[in-house]
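Student: So I've got this file, upload27.txt, and it contains compact mmCIF, C-alpha atoms and all ligand atoms:
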# COMPACT_ATOMS: atom_id res chain seq x y z
CA MET A 1174 -15.37 -20.64 -5.86
CA VAL A 1175 -15.29 -18.25 -8.81
CA MET A 1176 -16.34 -14.60 -8.52
CA THR A 1177 -15.83 -13.33 -12.02
CA ASP A 1178 -19.51 -12.51 -12.40
CA PRO A 1179 -20.34 -9.80 -9.84
CA GLU A 1180 -24.06 -10.46 -10.20
CA ALA A 1181 -23.55 -14.12 -9.42
CA PHE A 1182 -21.39 -13.21 -6.45
CA GLY A 1183 -24.52 -11.96 -4.68
CA GLY A 1184 -24.30 -12.21 -0.93
CA ARG A 1185 -20.81 -13.70 -0.80
CA LYS A 1186 -18.46 -11.68 1.32
CA VAL A 1187 -15.06 -10.01 1.02
CA ALA A 1188 -13.45 -8.85 4.28
CA VAL A 1189 -11.07 -5.89 4.26
CA LEU A 1190 -8.69 -5.54 7.22
CA GLY A 1191 -7.27 -2.02 7.37
CA THR A 1192 -9.05 1.12 6.17
CA GLY A 1193 -6.23 3.65 5.88
CA ILE A 1194 -5.35 5.81 2.87
CA ILE A 1195 -5.35 2.78 0.54
CA GLY A 1196 -7.60 0.38 2.47
CA ALA A 1197 -10.62 2.69 2.66
CA PRO A 1198 -10.96 3.27 -1.11
CA VAL A 1199 -10.17 -0.42 -1.72
CA ALA A 1200 -13.10 -1.40 0.53
CA LYS A 1201 -15.38 1.14 -1.16
CA ASN A 1202 -14.49 -0.02 -4.66
CA LEU A 1203 -14.95 -3.67 -3.68
CA ARG A 1204 -18.36 -2.75 -2.28
CA LYS A 1205 -19.48 -1.75 -5.79
CA ARG A 1206 -19.25 -5.47 -6.72
CA PHE A 1207 -19.34 -7.51 -3.52
CA ALA A 1208 -20.72 -7.66 -0.01
CA VAL A 1209 -17.89 -6.17 2.06
CA SER A 1210 -17.11 -6.28 5.78
CA ALA A 1211 -14.23 -4.35 7.32
CA TRP A 1212 -12.14 -3.96 10.43
CA ASN A 1213 -9.74 -1.19 11.38
CA ARG A 1214 -7.56 -0.87 14.49
CA THR A 1215 -9.19 2.51 15.07
CA PRO A 1216 -12.86 1.66 14.34
CA ALA A 1217 -13.98 5.31 14.21
CA LYS A 1218 -11.89 5.86 11.08
CA ALA A 1219 -13.58 2.95 9.29
CA GLU A 1220 -17.01 4.10 10.38
CA GLN A 1221 -16.27 7.54 8.96
CA THR A 1222 -14.74 6.44 5.65
CA VAL A 1223 -16.32 3.15 4.57
CA SER A 1224 -19.62 2.74 6.47
CA PRO A 1225 -21.38 5.39 4.34
CA ALA A 1226 -20.51 3.30 1.26
CA GLY A 1227 -22.36 0.29 2.67
CA VAL A 1228 -19.36 -1.56 4.12
CA GLU A 1229 -20.21 -3.32 7.38
CA VAL A 1230 -17.65 -2.39 10.04
CA PHE A 1231 -16.81 -4.78 12.91
CA ASP A 1232 -14.93 -4.10 16.14
CA ALA A 1233 -13.12 -7.46 16.04
CA ALA A 1234 -11.11 -8.75 13.08
CA ALA A 1235 -12.42 -12.28 13.76
CA ASP A 1236 -16.00 -11.03 13.30
CA ALA A 1237 -15.13 -9.15 10.11
CA VAL A 1238 -13.66 -12.26 8.44
CA ALA A 1239 -16.37 -14.66 9.63
CA GLY A 1240 -18.00 -16.18 6.55
CA ALA A 1241 -15.70 -14.28 4.16
CA GLU A 1242 -14.49 -16.20 1.14
CA VAL A 1243 -11.87 -13.57 0.39
CA ILE A 1244 -9.81 -11.64 2.95
CA VAL A 1245 -7.95 -8.50 1.86
CA THR A 1246 -5.25 -7.04 4.14
CA VAL A 1247 -4.15 -3.40 3.68
CA LEU A 1248 -2.18 -2.67 6.83
CA LYS A 1249 1.00 -0.81 7.62
CA ASP A 1250 3.61 -3.58 7.73
CA GLY A 1251 4.35 -7.27 8.28
CA PRO A 1252 3.97 -7.30 12.07
CA ALA A 1253 0.62 -5.46 11.82
CA VAL A 1254 -0.63 -7.99 9.24
CA LEU A 1255 0.51 -11.01 11.25
CA GLU A 1256 -0.93 -9.64 14.48
CA THR A 1257 -4.26 -8.84 12.82
CA MET A 1258 -4.56 -12.17 11.02
CA THR A 1259 -3.68 -13.99 14.26
CA ALA A 1260 -6.47 -12.09 16.02
CA ALA A 1261 -8.79 -12.96 13.12
CA THR A 1262 -7.99 -16.69 13.26
CA PRO A 1263 -11.16 -17.83 15.09
CA GLY A 1264 -13.27 -16.36 12.24
CA LEU A 1265 -11.24 -17.67 9.30
CA THR A 1266 -12.70 -20.25 6.93
CA ARG A 1267 -10.31 -22.90 5.62
CA GLY A 1268 -10.08 -22.64 1.84
CA ALA A 1269 -10.65 -18.86 1.82
CA VAL A 1270 -8.51 -16.72 -0.48
CA TRP A 1271 -6.20 -14.20 1.22
CA VAL A 1272 -5.16 -11.22 -0.90
CA GLN A 1273 -2.31 -9.41 0.88
CA LEU A 1274 -1.96 -5.85 -0.51
CA SER A 1275 0.22 -4.26 2.21
CA THR A 1276 3.89 -3.54 1.49
CA VAL A 1277 5.63 -5.88 3.93
CA GLY A 1278 8.84 -6.87 2.13
CA ALA A 1279 10.40 -10.23 1.39
CA THR A 1280 10.99 -11.78 4.82
CA ALA A 1281 7.56 -10.93 6.26
CA THR A 1282 5.85 -12.23 3.11
CA GLU A 1283 7.44 -15.64 3.75
CA GLU A 1284 6.13 -15.56 7.33
CA LEU A 1285 2.65 -14.62 6.13
CA ALA A 1286 2.68 -17.40 3.52
CA GLY A 1287 3.52 -19.79 6.37
CA PHE A 1288 0.58 -18.47 8.40
CA ALA A 1289 -1.69 -18.99 5.38
CA GLU A 1290 -0.51 -22.56 4.95
CA ARG A 1291 -1.04 -23.40 8.62
CA ASN A 1292 -4.56 -21.98 8.49
CA GLY A 1293 -5.61 -23.47 5.15
CA LEU A 1294 -5.78 -20.11 3.31
CA ILE A 1295 -4.91 -19.63 -0.37
CA PHE A 1296 -2.32 -16.84 -0.25
CA TYR A 1297 -1.82 -14.13 -2.87
CA ASP A 1298 1.08 -11.73 -2.36
CA ALA A 1299 -0.24 -8.61 -4.10
CA PRO A 1300 1.43 -5.28 -3.27
CA VAL A 1301 0.13 -2.26 -5.14
CA GLN A 1302 1.59 0.70 -6.97
CA GLY A 1303 -0.32 3.98 -6.93
CA THR A 1304 -1.37 6.27 -4.18
CA ARG A 1305 -4.49 7.93 -2.74
CA GLN A 1306 -6.00 9.19 -6.00
CA PRO A 1307 -5.51 6.01 -8.09
CA ALA A 1308 -6.87 3.99 -5.16
CA GLU A 1309 -9.99 6.16 -5.04
CA ASN A 1310 -10.40 5.86 -8.81
CA GLY A 1311 -10.01 2.06 -8.73
CA ARG A 1312 -6.85 2.44 -10.82
CA LEU A 1313 -4.17 0.84 -8.65
CA LEU A 1314 -1.55 -1.30 -10.34
CA VAL A 1315 -1.40 -4.70 -8.69
CA MET A 1316 1.73 -6.86 -8.71
CA ALA A 1317 0.58 -10.37 -7.91
CA SER A 1318 2.14 -13.71 -7.14
CA GLY A 1319 0.44 -16.87 -6.00
CA PRO A 1320 -0.91 -20.20 -7.20
CA GLU A 1321 -2.74 -20.71 -10.50
CA SER A 1322 -5.59 -22.49 -8.71
CA HIS A 1323 -7.57 -19.48 -7.41
CA ARG A 1324 -6.30 -16.70 -9.66
CA ARG A 1325 -9.77 -15.96 -11.01
CA ASP A 1326 -10.95 -15.19 -7.48
CA ALA A 1327 -7.95 -12.95 -6.79
CA GLN A 1328 -8.32 -11.30 -10.20
CA ALA A 1329 -11.97 -10.42 -9.43
CA VAL A 1330 -10.66 -8.42 -6.46
CA PHE A 1331 -7.88 -6.82 -8.52
CA ASP A 1332 -10.35 -5.83 -11.25
CA ALA A 1333 -12.48 -4.02 -8.66
CA ILE A 1334 -9.58 -2.00 -7.23
CA GLY A 1335 -7.08 -1.70 -10.04
CA GLY A 1336 -6.53 -0.74 -13.63
CA ARG A 1337 -3.83 -3.32 -14.33
CA THR A 1338 -2.50 -6.52 -12.80
CA VAL A 1339 1.03 -7.78 -13.41
CA TRP A 1340 1.24 -11.48 -12.55
CA VAL A 1341 4.83 -12.00 -11.45
CA SER A 1342 5.05 -15.65 -10.44
CA ALA A 1343 3.17 -18.66 -9.10
CA GLN A 1344 5.43 -18.39 -6.05
CA ALA A 1345 4.10 -15.94 -3.45
CA GLY A 1346 6.87 -13.52 -2.49
CA ALA A 1347 8.03 -12.59 -5.98
CA ALA A 1348 5.56 -9.70 -6.21
CA SER A 1349 6.79 -8.27 -2.91
CA ARG A 1350 10.38 -8.48 -4.15
CA LEU A 1351 9.37 -6.61 -7.31
CA LYS A 1352 7.61 -4.03 -5.14
CA LEU A 1353 10.90 -3.37 -3.30
CA ALA A 1354 12.54 -2.42 -6.60
CA LEU A 1355 9.69 0.05 -7.20
CA ASN A 1356 9.99 1.41 -3.64
CA ALA A 1357 13.56 2.45 -4.41
CA LEU A 1358 12.48 4.26 -7.60
CA VAL A 1359 9.59 6.11 -5.91
CA ALA A 1360 11.84 7.32 -3.08
CA ALA A 1361 14.61 8.39 -5.46
CA LEU A 1362 12.15 10.38 -7.60
CA THR A 1363 10.74 12.06 -4.51
CA HIS A 1364 14.13 13.00 -3.07
CA GLY A 1365 15.38 14.08 -6.50
CA THR A 1366 12.44 16.43 -6.93
CA ALA A 1367 12.74 17.79 -3.38
CA GLU A 1368 16.48 18.37 -3.59
CA SER A 1369 16.30 19.97 -7.03
CA LEU A 1370 13.79 22.56 -5.77
CA LEU A 1371 15.79 23.04 -2.58
CA ILE A 1372 19.04 23.58 -4.49
CA ALA A 1373 17.44 26.18 -6.75
CA GLU A 1374 16.12 28.08 -3.76
CA ALA A 1375 19.40 27.85 -1.83
CA LEU A 1376 21.33 29.12 -4.85
CA GLY A 1377 19.05 32.10 -5.28
CA VAL A 1378 17.02 30.91 -8.27
CA ASP A 1379 13.21 30.71 -8.33
CA PRO A 1380 12.44 26.97 -7.76
CA ARG A 1381 9.38 27.29 -9.98
CA LEU A 1382 11.85 27.56 -12.87
CA VAL A 1383 12.86 23.94 -12.21
CA VAL A 1384 9.26 22.93 -12.91
CA ASP A 1385 9.15 25.23 -15.91
CA VAL A 1386 12.22 23.62 -17.46
CA VAL A 1387 11.06 20.04 -16.76
CA THR A 1388 7.44 20.49 -17.90
CA GLY A 1389 6.76 18.83 -21.25
CA GLY A 1390 10.32 17.47 -21.55
CA PRO A 1391 11.79 13.99 -21.10
CA LEU A 1392 12.14 14.41 -17.31
CA ASP A 1393 8.48 15.24 -16.84
CA SER A 1394 5.99 12.92 -15.17
CA ALA A 1395 2.72 13.09 -13.26
CA PHE A 1396 4.69 12.00 -10.19
CA PHE A 1397 7.22 14.85 -10.56
CA GLN A 1398 4.42 17.36 -11.05
CA SER A 1399 2.47 16.21 -7.99
CA LYS A 1400 5.48 16.21 -5.64
CA ALA A 1401 6.79 19.54 -6.98
CA SER A 1402 3.33 21.05 -6.60
CA ALA A 1403 3.09 19.80 -2.98
CA ILE A 1404 6.43 21.43 -2.18
CA LEU A 1405 5.79 24.73 -3.96
CA THR A 1406 2.35 25.15 -2.39
CA ASP A 1407 3.53 23.91 1.02
CA ASP A 1408 0.66 21.38 0.99
CA TYR A 1409 1.85 18.09 2.41
CA SER A 1410 -1.56 16.38 2.55
CA THR A 1411 -0.63 12.73 2.81
CA SER A 1412 -0.76 10.39 -0.14
CA PHE A 1413 2.07 8.28 1.29
CA SER A 1414 3.51 9.26 4.64
CA VAL A 1415 7.13 9.92 5.58
CA THR A 1416 6.76 7.25 8.30
CA ASN A 1417 5.66 4.64 5.78
CA SER A 1418 8.45 5.77 3.45
CA ILE A 1419 10.96 5.00 6.22
CA LYS A 1420 9.36 1.56 6.57
CA ASP A 1421 9.64 0.95 2.82
CA ALA A 1422 13.26 2.14 2.59
CA LEU A 1423 14.18 -0.13 5.50
CA LEU A 1424 12.58 -3.09 3.68
CA VAL A 1425 14.76 -2.35 0.63
CA VAL A 1426 17.93 -1.98 2.72
CA GLU A 1427 17.19 -5.26 4.55
CA ALA A 1428 16.44 -7.29 1.40
CA THR A 1429 19.32 -5.90 -0.64
CA GLY A 1430 21.71 -6.44 2.27
CA GLN A 1431 20.75 -10.12 2.21
CA ALA A 1432 21.18 -10.12 -1.59
CA GLY A 1433 24.67 -8.62 -1.24
CA ILE A 1434 24.27 -5.36 -3.16
CA ASP A 1435 24.82 -1.75 -2.08
CA VAL A 1436 21.88 0.64 -2.42
CA ASP A 1437 23.58 3.97 -1.71
CA VAL A 1438 20.74 6.18 -2.95
CA THR A 1439 18.07 4.34 -0.95
CA ALA A 1440 20.27 4.40 2.17
CA ALA A 1441 20.88 8.15 1.84
CA GLY A 1442 17.17 8.70 1.18
CA LEU A 1443 16.30 6.71 4.31
CA GLU A 1444 18.38 9.13 6.38
CA ARG A 1445 16.66 12.05 4.70
CA PHE A 1446 13.19 10.66 5.56
CA ARG A 1447 14.35 9.98 9.13
CA ARG A 1448 15.53 13.58 9.45
CA ALA A 1449 12.15 14.82 8.19
CA ALA A 1450 10.41 12.61 10.79
CA ARG A 1451 12.69 13.87 13.59
CA ARG A 1452 11.66 17.40 12.63
CA GLY A 1453 8.02 16.44 13.20
CA HIS A 1454 6.96 15.67 9.62
CA GLY A 1455 6.39 11.90 9.95
CA ASP A 1456 2.66 12.06 9.20
CA LYS A 1457 3.10 14.34 6.19
CA ASP A 1458 3.40 13.22 2.59
CA MET A 1459 6.78 11.89 1.48
CA ALA A 1460 7.26 15.16 -0.44
CA ALA A 1461 8.25 16.48 3.00
CA SER A 1462 11.70 15.18 2.07
CA TYR A 1463 12.02 18.85 1.10
CA LEU A 1464 11.60 19.83 4.76
CA ALA A 1465 14.67 17.77 5.68
CA GLY A 1466 16.87 20.16 3.71
N1 LIG A 1501 -0.43 5.31 0.40
C1 LIG A 1501 0.24 4.89 -0.65
O1 LIG A 1501 0.55 5.67 -1.56
C2 LIG A 1501 0.61 3.43 -0.79
C3 LIG A 1501 0.96 2.97 -2.06
C4 LIG A 1501 1.32 1.64 -2.22
C5 LIG A 1501 1.35 0.79 -1.11
N2 LIG A 1501 1.02 1.27 0.12
C6 LIG A 1501 1.08 0.33 1.25
O2 LIG A 1501 -0.23 0.03 1.68
C7 LIG A 1501 -0.24 -0.19 3.10
C8 LIG A 1501 -1.20 0.79 3.73
O3 LIG A 1501 -0.73 2.11 3.43
P1 LIG A 1501 -1.58 3.42 3.71
O4 LIG A 1501 -0.93 4.51 2.96
O5 LIG A 1501 -3.01 3.11 3.53
O6 LIG A 1501 -1.24 3.61 5.25
P2 LIG A 1501 -2.07 4.32 6.40
O7 LIG A 1501 -3.05 5.27 5.87
O8 LIG A 1501 -1.03 4.78 7.37
O9 LIG A 1501 -2.89 3.08 7.01
C9 LIG A 1501 -2.23 2.09 7.74
C10 LIG A 1501 -3.25 1.08 8.22
O10 LIG A 1501 -2.59 0.11 9.04
C11 LIG A 1501 -3.22 0.11 10.33
N3 LIG A 1501 -2.21 -0.24 11.33
C12 LIG A 1501 -1.03 0.35 11.57
N4 LIG A 1501 -0.37 -0.30 12.53
C13 LIG A 1501 -1.17 -1.33 12.93
C14 LIG A 1501 -1.05 -2.36 13.89
N5 LIG A 1501 0.04 -2.48 14.67
N6 LIG A 1501 -2.05 -3.26 14.00
C15 LIG A 1501 -3.17 -3.16 13.22
N7 LIG A 1501 -3.35 -2.19 12.30
C16 LIG A 1501 -2.34 -1.29 12.15
C17 LIG A 1501 -3.79 1.49 10.50
O11 LIG A 1501 -4.79 1.51 11.49
P3 LIG A 1501 -5.21 2.88 12.23
O12 LIG A 1501 -6.21 3.54 11.32
O13 LIG A 1501 -5.76 2.44 13.52
O14 LIG A 1501 -3.95 3.71 12.37
C18 LIG A 1501 -4.35 1.70 9.10
O15 LIG A 1501 -5.53 0.95 8.88
C19 LIG A 1501 1.22 0.01 3.56
O16 LIG A 1501 1.86 -1.23 3.62
C20 LIG A 1501 1.80 0.88 2.48
O17 LIG A 1501 3.20 0.76 2.39
C21 LIG A 1501 0.63 2.57 0.30
Using structure tokens, write down the structure from this file.
Ligand SMILES: NC(=O)c1ccc[n+]([C@@H]2O[C@H](COP(=O)([O-])OP(=O)(O)OC[C@H]3O[C@@H](n4cnc5c(N)ncnc54)[C@H](OP(=O)(O)O)[C@@H]3O)[C@@H](O)[C@H]2O)c1
Tutor:
Amino acid sequence: MVMTDPEAFGGRKVAVLGTGIIGAPVAKNLRKRFAVSAWNRTPAKAEQTVSPAGVEVFDAAADAVAGAEVIVTVLKDGPAVLETMTAATPGLTRGAVWVQLSTVGATATEELAGFAERNGLIFYDAPVQGTRQPAENGRLLVMASGPESHRRDAQAVFDAIGGRTVWVSAQAGAASRLKLALNALVAALTHGTAESLLIAEALGVDPRLVVDVVTGGPLDSAFFQSKASAILTDDYSTSFSVTNSIKDALLVVEATGQAGIDVDVTAAGLERFRRAARRGHGDKDMAASYLAG
């Protein structure tokens, strides 16, 4: 099966399991090239976000994957992916390609690869970098690992949802380990921005001056600007939630503990996210690190 020519792909089907902040735009962008079915734990959300784009929404994961030659998972974490794929098992077709986009960490990726092997699926470990806006624009960065054999099929999916694919290894799992390194950077940048603004305010200086000094200089970035803007305008509309940030930090702490290194910044940042969640900000954007101050 090769899907590089969208016209030739015709009625063939891609199933998307999970239509959250990333999953919904992924399904919509795939729909521009393929027939797409979808399932979400809360069906009403999928009906609201992806049905209008022509994605067929099913109440059962097994029905959504029935007849699909590619399955894309975009769920919260490893247990959610395993539970959903187990529920989908009666509908799975042996030989189908499974593109696993969720951030699940190293250990869970091994478990999912085992599930794929037992069920005759071709598994691609493919976590993404980029948040709500890049997902909507089809500009995610995909880190991918998996066998050479079906890469053209996986790449057809990545081309529909992303601007760039970094192939990490033929061994599934390597991409998720790379993703953990990026998780640590994203959290550190977020906390650094939040604390810098908080420090300025606490010390009696206008925090907007922090942004003024950084803008256009070597410390500047689109990421810094977006998190600083969220904090200064008190608009924590979620691109990536505090709750999911806790999940990601825990994955880093777990994997690095096994690797025998200390990740002091990530560990401190985890506590900061947990404090923000305890204060009722778990569903807000990770910029709510500021609210843990
Ligand atoms: N947002 C980002 O910036 C970003 C960037 C890179 C990677 N990611 C990763 O992409 C994945 C999805 O993130 P997101 O931001 O789209 O999260 P989200 O908006 O919170 O969506 C999470 C999805 O997982 C589903 N879910 C949660 N627990 C479940 C369970 N136990 N069983 C079945 N489904 C369950 C949710 O269903 P309901 O709708 O029913 O709650 C929803 O579809 C995560 O692994 C995240 O780390 C996100």
Student: Let me have all residues with an atom within 9 Å of ligand LIG 1501 (chain A), counting all atoms listed in the file, laid out as a PyMOL selection string.
Tutor: chain A and resi 1190-1197+1212-1219+1246-1257+1274-1277+1300-1308+1313+1352+1356+1411-1414+1416-1418+1420-1421+1456
Student: Between A:Asp1379, A:Asp1332, A:Asp1408, A:Asp1326, which one has atoms that come closest to A:Val1243, using only C-alpha atoms?
Tutor: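 Answer, going by the shortest atom-to-atom distance: A:Asp1326.
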Student: Taking only C-alpha atoms into account, name the residue in A:Val1245, A:Val1415, A:Leu1423, A:Ala1211 that is nearest to A:Val1330.
Tutor: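 Distance minimum relative to A:Val1330 lands on A:Val1245.
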Student: Here is a test: counting all atoms listed in the file, which residue of A:Val1189, A:Ala1395, A:Ala1357, A:Leu1285 is nearest to A:Val1436?
Tutor: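 Using all atoms listed in the file, A:Val1436 sits closest to A:Ala1357.
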Student: Nearest residue to A:Ala1327 out of A:Val1270, A:Leu1351, A:Ala1226, A:Val1339, using all atoms listed in the file?
Tutor: A:Val1270
Student: Would you mind listing what lies within 9 Å of A:Val1341 as a PDB file with C-alpha atoms, in the frame of the given file, with all atoms listed in the file counted and same-chain residues fewer than 3 positions away left out?
Tutor:
ATOM      1  CA  MET A1316       1.730  -6.860  -8.710  1.00  0.00           C
ATOM      2  CA  ALA A1317       0.580 -10.370  -7.910  1.00  0.00           C
ATOM      3  CA  SER A1318       2.140 -13.710  -7.140  1.00  0.00           C
ATOM      4  CA  GLY A1319       0.440 -16.870  -6.000  1.00  0.00           C
ATOM      5  CA  GLN A1344       5.430 -18.390  -6.050  1.00  0.00           C
ATOM      6  CA  ALA A1345       4.100 -15.940  -3.450  1.00  0.00           C
ATOM      7  CA  ALA A1347       8.030 -12.590  -5.980  1.00  0.00           C
ATOM      8  CA  ALA A1348       5.560  -9.700  -6.210  1.00  0.00           C
ATOM      9  CA  LEU A1351       9.370  -6.610  -7.310  1.00  0.00           C
TER      10      LEU A1351
END
Student: Using all atoms listed in the file, can you list as a list in words the residues within 9 Å of (11.6, 12.8, -5.4)?
Tutor: Leu1358, Val1359, Ala1360, Ala1361, Leu1362, Thr1363, His1364, Gly1365, Thr1366, Ala1367, Glu1368, Ser1369, Phe1396, Phe1397, Lys1400, Ala1401, Met1459, Ala1460, Ser1462 and Tyr1463 of chain A
Student: Counting all atoms listed in the file, find residues at most 6 Å from (-15.6, -12.8, 4.3) (file frame) and give them as a PyMOL selection string.
Tutor: chain A and resi 1186-1188+1238-1243
Student: Using all atoms listed in the file, can you tell me which of A:Ser1342, A:Thr1222, A:Thr1406, A:Ser1349 comes closest to A:Glu1321?
Tutor: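 Nearest candidate to A:Glu1321 out of A:Ser1342, A:Thr1222, A:Thr1406, A:Ser1349: A:Ser1342.
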Student: Between atom CA of A:Gly1293 and atom CA of A:Arg1185, measure the distance and give it in Å to one decimal.
Tutor: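 The value is 19.0 Å.
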Student: Go through A:Ala1208, A:Thr1266, A:Ala1428, A:Ala1279 one by one, measure the shortest atom-to-atom distance of each to A:Val1230 using only C-alpha atoms, and give the residue with the smallest value.
Tutor: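 Distance minimum relative to A:Val1230 lands on A:Ala1208.
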Student: Taking all atoms of stretch 1256-1273 of chain A that the file lists, what box with edges along x, y and z, padded by 4 Å per side, do you get, with centre and edge lengths in Å to one decimal, as lines of an AutoDock Vina configuration file?
Tutor:
center_x = -7.1
center_y = -15.9
center_z = 7.6
size_x = 20.3
size_y = 22.1
size_z = 24.9
Student: Quick one: distance from atom CA of A:Gly1390 to atom CA of A:Gly1466 in Å, one decimal?
Tutor: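 These atoms are spaced 26.2 Å apart.
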Student: Quick one: distance from atom CA of A:Asp1298 to atom CA of A:Ala1450 in Å, one decimal?
Tutor: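 Distance reported for this atom pair: 29.2 Å.
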